[in-house]
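Visitor: Enclosed is the structure file run-v2.txt (compact mmCIF, C-alpha atoms).
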# COMPACT_ATOMS: atom_id res chain seq x y z
CA MET A 1 65.59 -86.52 69.69
CA GLN A 2 65.63 -85.02 73.16
CA ARG A 3 68.48 -86.08 75.44
CA ARG A 4 66.23 -87.70 78.03
CA HIS A 5 64.56 -89.78 75.33
CA PHE A 6 67.95 -90.80 73.99
CA LEU A 7 69.02 -92.03 77.42
CA ARG A 8 65.83 -94.01 77.77
CA THR A 9 66.21 -95.72 74.40
CA PRO A 10 69.91 -96.53 74.02
CA PRO A 11 71.03 -98.72 71.11
CA ALA A 12 70.68 -102.38 71.99
CA LEU A 13 74.29 -103.16 71.20
CA ALA A 14 75.50 -100.38 73.54
CA LEU A 15 73.96 -102.28 76.45
CA GLY A 16 75.21 -105.69 75.35
CA ALA A 17 71.87 -107.04 74.13
CA ALA A 18 71.28 -109.03 70.97
CA THR A 19 71.22 -107.21 67.64
CA ALA A 20 67.76 -105.96 66.75
CA SER A 21 66.22 -106.12 63.31
CA ALA A 22 66.95 -103.06 61.24
CA PHE A 23 63.20 -102.53 60.90
CA ALA A 24 62.17 -103.32 64.49
CA ALA A 25 61.04 -100.61 66.85
CA PRO A 26 63.67 -99.84 69.54
CA ALA A 27 63.09 -101.39 72.95
CA ILE A 28 61.87 -98.90 75.52
CA ILE A 29 64.28 -98.88 78.44
CA THR A 30 62.92 -97.61 81.75
CA GLY A 31 64.40 -97.30 85.21
CA GLN A 32 62.82 -100.67 86.08
CA SER A 33 64.14 -102.56 83.06
CA GLN A 34 66.88 -105.11 83.74
CA ILE A 35 69.81 -104.47 81.43
CA LEU A 36 73.18 -106.04 80.67
CA PRO A 37 72.39 -109.77 80.49
CA ARG A 38 75.14 -111.90 82.01
CA ARG A 39 78.02 -112.72 79.68
CA SER A 40 79.37 -115.77 81.49
CA LYS A 41 78.54 -118.47 84.01
CA GLY A 42 80.92 -116.96 86.53
CA PRO A 43 80.02 -114.43 89.22
CA ARG A 44 78.71 -111.01 88.24
CA ILE A 45 80.64 -108.26 90.04
CA VAL A 46 79.38 -104.70 89.64
CA ILE A 47 81.73 -101.82 90.45
CA CYS A 48 80.22 -98.38 91.03
CA GLY A 49 82.83 -95.71 90.34
CA GLY A 50 85.66 -95.61 87.81
CA GLY A 51 88.40 -93.88 89.77
CA TRP A 52 91.74 -95.23 90.93
CA GLY A 53 90.17 -97.94 93.07
CA GLY A 54 87.32 -99.01 90.79
CA LEU A 55 89.47 -99.31 87.68
CA THR A 56 92.08 -101.29 89.62
CA ALA A 57 89.48 -103.69 91.02
CA ALA A 58 88.00 -104.23 87.56
CA ARG A 59 91.33 -105.24 86.07
CA TYR A 60 92.35 -107.63 88.81
CA LEU A 61 88.95 -109.27 89.16
CA ARG A 62 89.10 -110.24 85.49
CA GLU A 63 92.62 -111.60 85.97
CA LEU A 64 91.95 -113.47 89.22
CA ILE A 65 88.49 -114.79 88.22
CA PRO A 66 88.75 -115.36 84.44
CA ASN A 67 85.12 -116.43 84.08
CA SER A 68 83.79 -113.45 86.02
CA ASP A 69 81.38 -110.95 84.50
CA VAL A 70 82.73 -107.59 85.68
CA VAL A 71 80.68 -104.45 85.05
CA LEU A 72 82.08 -100.98 85.80
CA LEU A 73 79.60 -98.11 86.13
CA GLU A 74 80.94 -94.56 85.85
CA ARG A 75 79.00 -91.33 85.33
CA ASN A 76 81.89 -89.39 83.76
CA PRO A 77 82.85 -90.02 80.12
CA THR A 78 86.57 -89.99 80.86
CA PHE A 79 88.91 -90.62 83.80
CA TRP A 80 90.23 -87.60 85.68
CA SER A 81 93.15 -88.17 88.05
CA GLY A 82 93.19 -86.32 91.35
CA PRO A 83 96.89 -87.10 91.82
CA MET A 84 98.85 -84.71 89.56
CA SER A 85 95.84 -82.38 89.14
CA ASN A 86 97.50 -79.62 91.19
CA LYS A 87 100.42 -79.68 88.74
CA TRP A 88 97.91 -79.55 85.89
CA LEU A 89 96.31 -76.40 87.36
CA VAL A 90 99.55 -74.49 86.75
CA ASP A 91 100.52 -76.24 83.48
CA ILE A 92 103.35 -78.38 84.79
CA VAL A 93 101.56 -81.32 83.17
CA GLY A 94 99.06 -81.18 80.32
CA THR A 95 95.42 -82.22 80.16
CA ASP A 96 96.28 -85.45 78.37
CA PHE A 97 98.27 -86.48 81.43
CA VAL A 98 95.42 -86.31 83.95
CA ASN A 99 92.44 -86.94 81.64
CA ARG A 100 92.43 -90.46 80.19
CA ASP A 101 90.31 -92.80 78.10
CA MET A 102 88.51 -95.57 80.03
CA LEU A 103 87.51 -97.67 77.03
CA HIS A 104 91.09 -98.79 76.48
CA PRO A 105 91.50 -100.58 79.84
CA ALA A 106 87.96 -102.00 79.58
CA ASN A 107 88.80 -103.54 76.20
CA LYS A 108 92.28 -104.62 77.25
CA TYR A 109 91.21 -106.37 80.46
CA GLY A 110 87.82 -107.58 79.27
CA TYR A 111 85.28 -105.93 81.55
CA THR A 112 82.10 -104.05 80.62
CA LEU A 113 82.14 -100.26 80.98
CA LEU A 114 78.84 -98.38 81.09
CA GLN A 115 78.62 -94.60 81.42
CA THR A 116 75.60 -94.06 83.62
CA GLU A 117 74.46 -92.54 86.90
CA VAL A 118 73.94 -94.84 89.89
CA THR A 119 70.62 -93.84 91.47
CA GLY A 120 70.11 -96.45 94.20
CA PHE A 121 70.25 -100.07 95.31
CA GLU A 122 67.96 -102.96 96.12
CA ARG A 123 70.38 -104.99 98.20
CA ASP A 124 67.79 -107.59 99.18
CA LYS A 125 67.46 -108.42 95.47
CA LYS A 126 71.11 -107.73 94.63
CA LEU A 127 70.24 -105.00 92.13
CA VAL A 128 71.83 -101.65 91.27
CA ARG A 129 69.50 -98.94 90.04
CA THR A 130 70.97 -96.75 87.30
CA ALA A 131 69.74 -94.10 84.87
CA HIS A 132 69.66 -96.84 82.24
CA GLY A 133 67.89 -99.51 84.28
CA LEU A 134 68.53 -102.28 86.81
CA ILE A 135 71.73 -104.33 86.91
CA GLU A 136 71.99 -107.50 88.98
CA TYR A 137 75.09 -108.58 90.87
CA ASP A 138 76.58 -111.34 92.99
CA PHE A 139 79.16 -109.00 94.52
CA LEU A 140 79.05 -105.22 94.61
CA ILE A 141 81.96 -102.79 95.00
CA LEU A 142 81.27 -99.17 95.91
CA SER A 143 84.15 -96.95 94.82
CA GLY A 144 82.58 -93.54 94.28
CA GLY A 145 85.02 -91.42 96.29
CA ILE A 146 83.71 -88.48 98.29
CA ARG A 147 80.96 -85.89 98.29
CA ASN A 148 81.26 -82.26 99.35
CA ASP A 149 79.21 -81.79 102.51
CA TYR A 150 78.03 -78.25 101.81
CA GLU A 151 75.08 -78.94 104.13
CA ALA A 152 77.49 -78.59 107.07
CA TRP A 153 77.84 -74.93 106.12
CA PHE A 154 74.49 -74.05 104.58
CA GLY A 155 71.94 -76.60 105.84
CA ASN A 156 69.20 -76.87 103.24
CA ASP A 157 69.97 -73.50 101.60
CA GLN A 158 70.35 -74.84 98.06
CA ARG A 159 70.84 -71.36 96.62
CA ALA A 160 73.99 -70.84 98.73
CA ILE A 161 75.25 -74.33 97.90
CA ASP A 162 74.79 -73.84 94.17
CA TYR A 163 76.35 -70.37 94.27
CA THR A 164 79.40 -71.65 96.16
CA ARG A 165 79.87 -74.61 93.85
CA LYS A 166 79.56 -72.36 90.80
CA HIS A 167 81.71 -69.43 91.89
CA PHE A 168 84.22 -71.01 94.30
CA PRO A 169 84.80 -74.57 93.01
CA ASN A 170 87.35 -76.80 94.71
CA ALA A 171 87.59 -79.66 92.15
CA TYR A 172 88.01 -82.39 94.76
CA VAL A 173 85.32 -84.38 92.94
CA PRO A 174 86.56 -84.91 89.36
CA ASN A 175 84.06 -83.30 86.99
CA GLN A 176 83.56 -79.95 85.28
CA GLU A 177 84.97 -78.22 88.37
CA MET A 178 88.47 -79.23 87.28
CA LEU A 179 88.32 -76.95 84.24
CA ALA A 180 86.50 -74.23 86.16
CA LEU A 181 89.19 -74.11 88.85
CA LYS A 182 91.98 -74.02 86.30
CA GLN A 183 90.30 -71.06 84.62
CA LYS A 184 89.97 -69.37 88.03
CA VAL A 185 93.71 -69.72 88.64
CA LYS A 186 94.56 -68.39 85.19
CA ASN A 187 92.19 -65.43 85.57
CA PHE A 188 93.34 -64.45 89.08
CA LYS A 189 94.60 -60.87 88.83
CA GLY A 190 95.32 -60.16 92.48
CA GLY A 191 93.85 -59.63 95.92
CA THR A 192 93.24 -62.19 98.67
CA LEU A 193 92.56 -65.77 97.61
CA VAL A 194 91.15 -67.76 100.52
CA MET A 195 91.49 -71.55 100.69
CA THR A 196 89.42 -73.39 103.28
CA LEU A 197 90.62 -76.86 104.28
CA PRO A 198 88.17 -79.56 105.34
CA PRO A 199 88.49 -81.07 108.81
CA PRO A 200 90.03 -84.58 108.81
CA PRO A 201 89.38 -87.05 107.38
CA HIS A 202 89.37 -85.64 103.89
CA ARG A 203 90.56 -86.55 100.43
CA CYS A 204 94.36 -86.57 99.96
CA PRO A 205 95.42 -84.91 103.25
CA PRO A 206 98.60 -83.11 102.05
CA SER A 207 97.25 -81.98 98.67
CA PRO A 208 95.62 -78.63 99.69
CA TYR A 209 99.02 -77.40 100.86
CA GLU A 210 100.57 -78.50 97.56
CA ARG A 211 97.85 -76.60 95.73
CA ALA A 212 98.62 -73.48 97.77
CA CYS A 213 102.34 -73.77 96.98
CA LEU A 214 101.83 -74.20 93.26
CA ILE A 215 99.32 -71.37 92.98
CA ALA A 216 101.76 -69.23 95.00
CA TRP A 217 104.50 -70.19 92.55
CA HIS A 218 102.20 -69.15 89.69
CA ILE A 219 101.53 -65.81 91.44
CA LYS A 220 105.24 -65.28 92.06
CA LYS A 221 106.29 -66.22 88.52
CA ASN A 222 103.72 -63.93 86.91
CA LYS A 223 104.22 -61.06 89.39
CA ILE A 224 100.54 -61.05 90.33
CA PRO A 225 99.77 -58.82 93.35
CA GLY A 226 98.00 -61.60 95.18
CA LYS A 227 97.99 -63.33 98.57
CA ILE A 228 96.84 -66.79 99.62
CA LEU A 229 95.15 -67.25 102.98
CA ILE A 230 94.91 -70.88 104.13
CA LEU A 231 92.19 -71.41 106.74
CA ASP A 232 93.14 -74.70 108.36
CA PRO A 233 90.95 -76.33 111.03
CA LYS A 234 93.92 -78.32 112.34
CA PRO A 235 96.24 -76.92 115.02
CA LYS A 236 99.26 -77.28 112.71
CA ILE A 237 100.25 -78.21 109.17
CA ALA A 238 99.99 -81.97 108.69
CA PRO A 239 101.17 -84.21 107.18
CA ILE A 240 104.69 -83.25 106.03
CA GLY A 241 104.47 -80.33 108.45
CA VAL A 242 108.12 -79.30 108.50
CA GLY A 243 108.50 -79.50 104.72
CA TYR A 244 105.46 -77.38 104.03
CA LYS A 245 106.32 -74.86 106.77
CA GLN A 246 109.76 -74.39 105.24
CA ALA A 247 108.26 -73.95 101.78
CA PHE A 248 105.77 -71.38 103.03
CA GLU A 249 108.48 -69.41 104.86
CA GLU A 250 111.39 -69.76 102.44
CA LEU A 251 109.63 -69.62 99.06
CA TYR A 252 106.34 -67.79 99.60
CA ALA A 253 106.65 -65.75 102.80
CA ASP A 254 105.10 -62.69 101.15
CA ILE A 255 102.30 -64.69 99.49
CA ILE A 256 101.07 -67.52 101.77
CA THR A 257 99.61 -67.02 105.24
CA HIS A 258 98.65 -70.19 107.10
CA VAL A 259 96.01 -69.76 109.82
CA PRO A 260 95.72 -72.79 112.19
CA ASN A 261 92.67 -73.68 114.30
CA ALA A 262 90.48 -71.91 111.74
CA GLY A 263 87.51 -74.24 111.69
CA VAL A 264 84.71 -72.70 109.64
CA LYS A 265 81.69 -71.43 111.56
CA GLU A 266 79.83 -69.57 108.82
CA VAL A 267 80.31 -68.85 105.11
CA ASP A 268 78.66 -65.98 103.24
CA PRO A 269 79.60 -66.65 99.60
CA PHE A 270 77.51 -63.74 98.29
CA ASN A 271 79.38 -61.12 100.33
CA LYS A 272 82.69 -63.02 100.32
CA GLN A 273 83.01 -63.39 104.08
CA ILE A 274 83.98 -66.33 106.32
CA LYS A 275 83.70 -66.64 110.08
CA THR A 276 86.07 -69.13 111.72
CA ALA A 277 87.24 -70.15 115.16
CA ALA A 278 90.40 -68.12 114.48
CA GLY A 279 88.60 -64.96 113.41
CA ASP A 280 86.59 -63.48 110.55
CA PHE A 281 87.99 -63.00 107.06
CA LYS A 282 87.03 -61.30 103.82
CA PHE A 283 88.26 -62.41 100.42
CA ASP A 284 88.42 -61.33 96.79
CA ASP A 285 88.28 -64.88 95.49
CA ALA A 286 88.29 -68.31 97.06
CA ILE A 287 88.65 -72.07 96.72
CA LEU A 288 86.08 -73.30 99.23
CA MET A 289 86.39 -76.88 100.45
CA PRO A 290 83.61 -77.92 102.82
CA PRO A 291 83.86 -81.07 104.97
CA HIS A 292 84.08 -84.33 103.03
CA GLN A 293 81.86 -87.41 103.35
CA ALA A 294 81.51 -90.74 101.60
CA ALA A 295 80.01 -90.55 98.11
CA ASP A 296 76.23 -90.37 97.69
CA MET A 297 76.08 -94.03 96.67
CA VAL A 298 77.02 -95.18 100.21
CA TRP A 299 74.12 -93.16 101.60
CA GLN A 300 71.82 -94.55 98.90
CA ALA A 301 72.85 -98.08 99.88
CA ASP A 302 72.11 -97.30 103.56
CA LEU A 303 75.62 -98.36 104.54
CA ILE A 304 76.86 -95.26 106.38
CA GLY A 305 78.34 -95.96 109.81
CA LYS A 306 76.98 -94.60 113.07
CA ASP A 307 78.89 -93.23 116.01
CA PRO A 308 78.40 -95.76 118.84
CA ALA A 309 78.33 -92.99 121.45
CA THR A 310 75.87 -90.60 119.77
CA GLY A 311 74.13 -92.73 117.14
CA LYS A 312 74.80 -90.01 114.57
CA PRO A 313 76.09 -90.84 111.06
CA THR A 314 79.87 -90.93 110.80
CA GLY A 315 79.66 -89.84 107.17
CA TRP A 316 81.77 -92.82 106.04
CA ALA A 317 81.15 -96.44 105.07
CA ASP A 318 80.31 -98.89 107.86
CA MET A 319 82.86 -101.57 107.00
CA HIS A 320 84.96 -104.41 108.33
CA ASN A 321 88.29 -102.73 108.99
CA ARG A 322 90.39 -105.65 107.73
CA LEU A 323 88.25 -107.23 104.98
CA PHE A 324 86.66 -104.07 103.49
CA HIS A 325 83.12 -105.41 103.17
CA ALA A 326 80.03 -103.87 104.76
CA LYS A 327 79.44 -105.05 108.30
CA SER A 328 75.77 -105.69 107.54
CA ASP A 329 76.19 -107.12 104.02
CA ASP A 330 79.29 -109.10 103.13
CA ARG A 331 78.37 -109.04 99.43
CA VAL A 332 79.16 -105.31 99.32
CA TYR A 333 82.75 -104.06 99.39
CA PHE A 334 84.23 -100.59 99.75
CA VAL A 335 87.29 -99.28 97.91
CA GLY A 336 88.95 -95.89 98.08
CA ASP A 337 88.14 -92.60 99.76
CA LEU A 338 84.62 -93.51 100.91
CA MET A 339 85.98 -96.16 103.30
CA GLY A 340 85.28 -95.94 107.02
CA ALA A 341 87.64 -95.88 110.00
CA ILE A 342 90.31 -98.55 110.38
CA SER A 343 91.96 -98.06 113.76
CA PRO A 344 91.62 -96.03 116.97
CA GLN A 345 95.33 -95.22 116.64
CA PHE A 346 95.08 -93.23 113.40
CA GLY A 347 91.45 -93.32 112.28
CA HIS A 348 91.18 -93.68 108.52
CA TYR A 349 93.62 -94.83 105.89
CA PRO A 350 94.78 -91.74 103.95
CA LYS A 351 92.15 -90.99 101.33
CA SER A 352 94.63 -91.12 98.48
CA GLY A 353 94.98 -92.60 95.01
CA HIS A 354 97.75 -94.91 96.22
CA VAL A 355 95.55 -96.45 98.92
CA ALA A 356 92.59 -96.75 96.53
CA ASN A 357 94.76 -98.60 94.02
CA TYR A 358 96.15 -100.91 96.70
CA VAL A 359 92.77 -101.68 98.28
CA GLY A 360 91.28 -102.27 94.82
CA LYS A 361 93.77 -105.14 94.43
CA ILE A 362 93.10 -106.43 97.94
CA VAL A 363 89.33 -106.52 97.44
CA ALA A 364 89.77 -108.30 94.09
CA GLN A 365 91.88 -110.92 95.87
CA ASN A 366 89.34 -111.25 98.68
CA ILE A 367 86.45 -111.84 96.27
CA ALA A 368 88.54 -114.30 94.24
CA GLU A 369 89.30 -116.28 97.40
CA ARG A 370 85.60 -116.41 98.30
CA VAL A 371 84.61 -117.54 94.82
CA ALA A 372 87.25 -120.28 94.97
CA GLY A 373 86.03 -121.41 98.41
CA LYS A 374 89.32 -120.47 100.06
CA GLU A 375 89.96 -118.70 103.35
CA VAL A 376 90.04 -114.92 102.87
CA VAL A 377 93.37 -113.40 103.88
CA ALA A 378 93.30 -110.02 105.63
CA ARG A 379 95.88 -107.85 103.90
CA LEU A 380 97.31 -104.40 104.61
CA PRO A 381 98.00 -101.59 102.14
CA ASP A 382 100.63 -98.92 102.35
CA ASN A 383 100.57 -95.30 101.20
CA LEU A 384 102.89 -92.93 99.39
CA CYS A 385 102.29 -89.29 98.41
CA TYR A 386 104.55 -86.87 96.54
CA MET A 387 103.87 -83.14 96.69
CA MET A 388 105.46 -80.43 94.53
CA VAL A 389 106.22 -77.22 96.42
CA ASN A 390 108.26 -75.31 93.82
CA GLY A 391 107.81 -75.07 90.06
CA ASP A 392 111.21 -73.59 89.14
CA PRO A 393 113.31 -75.42 90.00
CA GLN A 394 110.87 -78.28 90.36
CA GLU A 395 111.16 -79.63 93.91
CA GLU A 396 109.02 -81.99 95.95
CA ILE A 397 108.52 -83.38 99.41
CA SER A 398 106.77 -86.65 100.26
CA VAL A 399 105.19 -88.78 102.95
CA LYS A 400 105.02 -92.54 103.40
CA PHE A 401 102.69 -94.57 105.63
CA GLU A 402 103.39 -98.13 106.73
CA TYR A 403 100.95 -100.44 108.53
CA GLU A 404 101.22 -103.45 110.80
CA VAL A 405 98.92 -105.42 113.10
CA ASP A 406 99.85 -105.48 116.79
CA ALA A 407 99.40 -108.32 119.28
CA ASN A 408 95.84 -107.17 119.99
CA GLY A 409 94.83 -107.28 116.33
CA GLN A 410 94.81 -103.49 115.98
CA VAL A 411 96.18 -101.88 112.82
CA ASN A 412 98.89 -99.35 113.64
CA GLN A 413 100.35 -96.69 111.38
CA THR A 414 103.90 -95.37 111.04
CA GLN A 415 104.27 -92.06 109.21
CA ILE A 416 107.55 -91.12 107.54
CA ASP A 417 107.83 -87.50 106.34
CA MET A 418 110.47 -86.54 103.78
CA ASP A 419 110.62 -82.81 104.49
CA VAL A 420 113.70 -81.81 102.48
CA ARG A 421 112.51 -80.65 99.05
CA THR A 422 114.55 -82.11 96.20
CA SER A 423 114.38 -82.62 92.45
CA ASP A 424 115.05 -86.35 92.98
CA LEU A 425 111.57 -86.71 94.47
CA VAL A 426 110.11 -85.17 91.30
CA LYS A 427 111.64 -88.01 89.28
CA GLU A 428 110.31 -90.54 91.78
CA ASP A 429 106.86 -88.95 91.59
CA PHE A 430 106.57 -89.26 87.81
CA ALA A 431 107.93 -92.81 87.89
CA TRP A 432 105.35 -93.66 90.56
CA ILE A 433 102.34 -92.26 88.73
CA ASN A 434 103.37 -93.66 85.35
CA GLY A 435 103.62 -97.06 87.02
CA LYS A 436 100.15 -96.66 88.55
CA PHE A 437 98.60 -95.53 85.25
CA SER A 438 100.16 -98.55 83.57
CA ASP A 439 98.69 -100.75 86.29
CA PHE A 440 95.02 -99.80 86.02
CA LEU A 441 94.77 -97.88 82.73
CA GLY A 442 96.93 -100.27 80.74
CA VAL A 443 99.08 -97.52 79.22
For this file, write the structure as structure tokens.
Guide:
Amino acid sequence: MQRRHFLRTPPALALGAATASAFAAPAIITGQSQILPRRSKGPRIVICGGGWGGLTAARYLRELIPNSDVVLLERNPTFWSGPMSNKWLVDIVGTDFVNRDMLHPANKYGYTLLQTEVTGFERDKKLVRTAHGLIEYDFLILSGGIRNDYEAWFGNDQRAIDYTRKHFPNAYVPNQEMLALKQKVKNFKGGTLVMTLPPPPHRCPPSPYERACLIAWHIKKNKIPGKILILDPKPKIAPIGVGYKQAFEELYADIITHVPNAGVKEVDPFNKQIKTAAGDFKFDDAILMPPHQAADMVWQADLIGKDPATGKPTGWADMHNRLFHAKSDDRVYFVGDLMGAISPQFGHYPKSGHVANYVGKIVAQNIAERVAGKEVVARLPDNLCYMMVNGDPQEEISVKFEYEVDANGQVNQTQIDMDVRTSDLVKEDFAWINGKFSDFLGV
């Protein structure tokens, strides 16, 4: 049976339908078939995206609204964690640590998990279009993370986009690129490895610097004749600027070169050349991160914000900055890295796993309050990131963000950098992530 035919005729039980006769012909499922009949009289909440935020929302919706029918849609067969993936690239943690089963939390917390691709929305009818058919909802949560905006570099040149994705993967969208990038690091024999950083806002702001440090540690440990060139569009290292600067200078002075104000102007992946505002560079190999945008599903739902001054798309979800629902459709909520701007003081919440987990809980509480007919309380998250800068001895730095609302109703951010690298922060880091995995993976 061809794969496309298999996807169009899935077993009835796999989609939650009644058992068919052993001798009956299978039902033909098309893109216009409604699937997943409701399992309860409570509200149907569909979550698109099974990352840190989506998995968290699914758990807490089932706990806060016991009669709810929660459906989680995820295209990947397993969960890949962005947090800790840099350590995985250089074998500080194993694959089993960052790659986890999603069926266990679905069974433990009682929500429906369907592996499928989200292809669009009919918001007027409260329907999600998927590769398996249509799914209705009362509330919708979009939690699909980010997309790589290669179009900013290459326009509609699909050949250049595909070549870059294939040969210079960055693995900031969890999929097959994770394994491809790890193989690239292991196979690196020397020369200049260029890392481009996206302009803010982008996923996990301090993590590209951590990646550079750990790959530099790998180069140093294995005596590889290689250099790392970081092309950073920002005027200085941020966040945790002092801590990273000290690591670059004290641990990897002969390996890492950080180039500020190096916004990308042009990329030639075929000839391995990059033109930036700070000069032109050639490379032997590269990890190329283009600008980031909200996941495709936000564009498909027609819920991307517009710049009030220019009318151009912001690239991020158009959302209420305190209640996390779409400004034009309060039945649609946003969780995680695809979220739009929060405050003129700092822009976006950090696009991190910690924030996604926290906002997943907040959105679950908000929907539960609405279902119960209660006033919805506007809540604030916080953020915490740990970053390893040395593999032997293992040492980390970290950054914390705290939020409060001022007298004018504006959300303000306080950033606290912990720049002194210590082994104590490594212990805190593993305690933190094990606590988070227990929270939304049930392990």
Visitor: Do you have the CA of Leu134 (chain A)-CA of Gln34 (chain A) distance handy?
Guide: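 It comes out at 4.5 Å.
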Visitor: A:His320, A:Tyr349, A:Glu74, A:Val359: which is nearest Gly144 (chain A), counting only C-alpha atoms?
Guide: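 Among the listed residues, the smallest separation from Gly144 (chain A) belongs to A:Glu74.
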Visitor: Rank nothing, just name the residue among A:Trp316, A:Phe324, A:Tyr111, A:Trp217 nearest to Val185 (chain A), using all atoms listed in the file.
Guide: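 That would be A:Trp217, the residue with the smallest distance to Val185 (chain A).
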Visitor: Just want the 9 Å neighbourhood of region 68-72 of chain A, counted on only C-alpha atoms, with same-chain residues fewer than 4 positions away dropped. Output as a PDB file with C-alpha atoms, in the frame of the given file.
Guide:
ATOM      1  CA  LEU A  36      73.180-106.040  80.670  1.00  0.00           C
ATOM      2  CA  ARG A  38      75.140-111.900  82.010  1.00  0.00           C
ATOM      3  CA  ARG A  39      78.020-112.720  79.680  1.00  0.00           C
ATOM      4  CA  SER A  40      79.370-115.770  81.490  1.00  0.00           C
ATOM      5  CA  LYS A  41      78.540-118.470  84.010  1.00  0.00           C
ATOM      6  CA  GLY A  42      80.920-116.960  86.530  1.00  0.00           C
ATOM      7  CA  PRO A  43      80.020-114.430  89.220  1.00  0.00           C
ATOM      8  CA  ARG A  44      78.710-111.010  88.240  1.00  0.00           C
ATOM      9  CA  ILE A  45      80.640-108.260  90.040  1.00  0.00           C
ATOM     10  CA  VAL A  46      79.380-104.700  89.640  1.00  0.00           C
ATOM     11  CA  ILE A  47      81.730-101.820  90.450  1.00  0.00           C
ATOM     12  CA  CYS A  48      80.220 -98.380  91.030  1.00  0.00           C
ATOM     13  CA  GLY A  49      82.830 -95.710  90.340  1.00  0.00           C
ATOM     14  CA  GLY A  50      85.660 -95.610  87.810  1.00  0.00           C
ATOM     15  CA  GLY A  54      87.320 -99.010  90.790  1.00  0.00           C
ATOM     16  CA  LEU A  55      89.470 -99.310  87.680  1.00  0.00           C
ATOM     17  CA  ALA A  58      88.000-104.230  87.560  1.00  0.00           C
ATOM     18  CA  ARG A  59      91.330-105.240  86.070  1.00  0.00           C
ATOM     19  CA  LEU A  61      88.950-109.270  89.160  1.00  0.00           C
ATOM     20  CA  ARG A  62      89.100-110.240  85.490  1.00  0.00           C
ATOM     21  CA  LEU A  64      91.950-113.470  89.220  1.00  0.00           C
ATOM     22  CA  ALA A 106      87.960-102.000  79.580  1.00  0.00           C
ATOM     23  CA  GLY A 110      87.820-107.580  79.270  1.00  0.00           C
ATOM     24  CA  TYR A 111      85.280-105.930  81.550  1.00  0.00           C
ATOM     25  CA  THR A 112      82.100-104.050  80.620  1.00  0.00           C
ATOM     26  CA  LEU A 113      82.140-100.260  80.980  1.00  0.00           C
ATOM     27  CA  LEU A 114      78.840 -98.380  81.090  1.00  0.00           C
ATOM     28  CA  GLN A 115      78.620 -94.600  81.420  1.00  0.00           C
TER      29      GLN A 115
END
Visitor: Would you please work out which residue, of A:Gly391, A:Gly133, A:Gly94, A:Pro225, is nearest to Leu251 (chain A) when using all atoms listed in the file?
Guide: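 Among the listed residues, A:Gly391 lies closest to Leu251 (chain A).
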Visitor: Set the distance at 9 Å and use all atoms listed in the file: which residues neighbour region 382-388 of chain A once local chain neighbours fewer than 5 positions away are removed? I'd like the list as a PDB file with C-alpha atoms, keeping the file's coordinate frame.
Guide:
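Printed below is around-v9.pdb as written:
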ATOM      1  CA  PRO A  83      96.890 -87.100  91.820  1.00  0.00           C
ATOM      2  CA  MET A  84      98.850 -84.710  89.560  1.00  0.00           C
ATOM      3  CA  ASN A  86      97.500 -79.620  91.190  1.00  0.00           C
ATOM      4  CA  LYS A  87     100.420 -79.680  88.740  1.00  0.00           C
ATOM      5  CA  CYS A 204      94.360 -86.570  99.960  1.00  0.00           C
ATOM      6  CA  PRO A 206      98.600 -83.110 102.050  1.00  0.00           C
ATOM      7  CA  SER A 207      97.250 -81.980  98.670  1.00  0.00           C
ATOM      8  CA  TYR A 209      99.020 -77.400 100.860  1.00  0.00           C
ATOM      9  CA  GLU A 210     100.570 -78.500  97.560  1.00  0.00           C
ATOM     10  CA  ARG A 211      97.850 -76.600  95.730  1.00  0.00           C
ATOM     11  CA  CYS A 213     102.340 -73.770  96.980  1.00  0.00           C
ATOM     12  CA  LEU A 214     101.830 -74.200  93.260  1.00  0.00           C
ATOM     13  CA  TYR A 349      93.620 -94.830 105.890  1.00  0.00           C
ATOM     14  CA  PRO A 350      94.780 -91.740 103.950  1.00  0.00           C
ATOM     15  CA  SER A 352      94.630 -91.120  98.480  1.00  0.00           C
ATOM     16  CA  GLY A 353      94.980 -92.600  95.010  1.00  0.00           C
ATOM     17  CA  HIS A 354      97.750 -94.910  96.220  1.00  0.00           C
ATOM     18  CA  VAL A 355      95.550 -96.450  98.920  1.00  0.00           C
ATOM     19  CA  TYR A 358      96.150-100.910  96.700  1.00  0.00           C
ATOM     20  CA  GLN A 394     110.870 -78.280  90.360  1.00  0.00           C
ATOM     21  CA  GLU A 395     111.160 -79.630  93.910  1.00  0.00           C
ATOM     22  CA  GLU A 396     109.020 -81.990  95.950  1.00  0.00           C
ATOM     23  CA  ILE A 397     108.520 -83.380  99.410  1.00  0.00           C
ATOM     24  CA  SER A 398     106.770 -86.650 100.260  1.00  0.00           C
ATOM     25  CA  VAL A 399     105.190 -88.780 102.950  1.00  0.00           C
ATOM     26  CA  LYS A 400     105.020 -92.540 103.400  1.00  0.00           C
ATOM     27  CA  PHE A 401     102.690 -94.570 105.630  1.00  0.00           C
ATOM     28  CA  GLU A 402     103.390 -98.130 106.730  1.00  0.00           C
ATOM     29  CA  TYR A 403     100.950-100.440 108.530  1.00  0.00           C
ATOM     30  CA  ARG A 421     112.510 -80.650  99.050  1.00  0.00           C
ATOM     31  CA  LEU A 425     111.570 -86.710  94.470  1.00  0.00           C
ATOM     32  CA  VAL A 426     110.110 -85.170  91.300  1.00  0.00           C
ATOM     33  CA  GLU A 428     110.310 -90.540  91.780  1.00  0.00           C
ATOM     34  CA  ASP A 429     106.860 -88.950  91.590  1.00  0.00           C
TER      35      ASP A 429
END
Visitor: Considering all atoms listed in the file, state which residue in the set A:Arg203, A:His292, A:Lys351, A:Arg100 is at the smallest distance from Glu151 (chain A).
Guide: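 Between A:Arg203, A:His292, A:Lys351, A:Arg100, the residue approaching Glu151 (chain A) most closely is A:His292.
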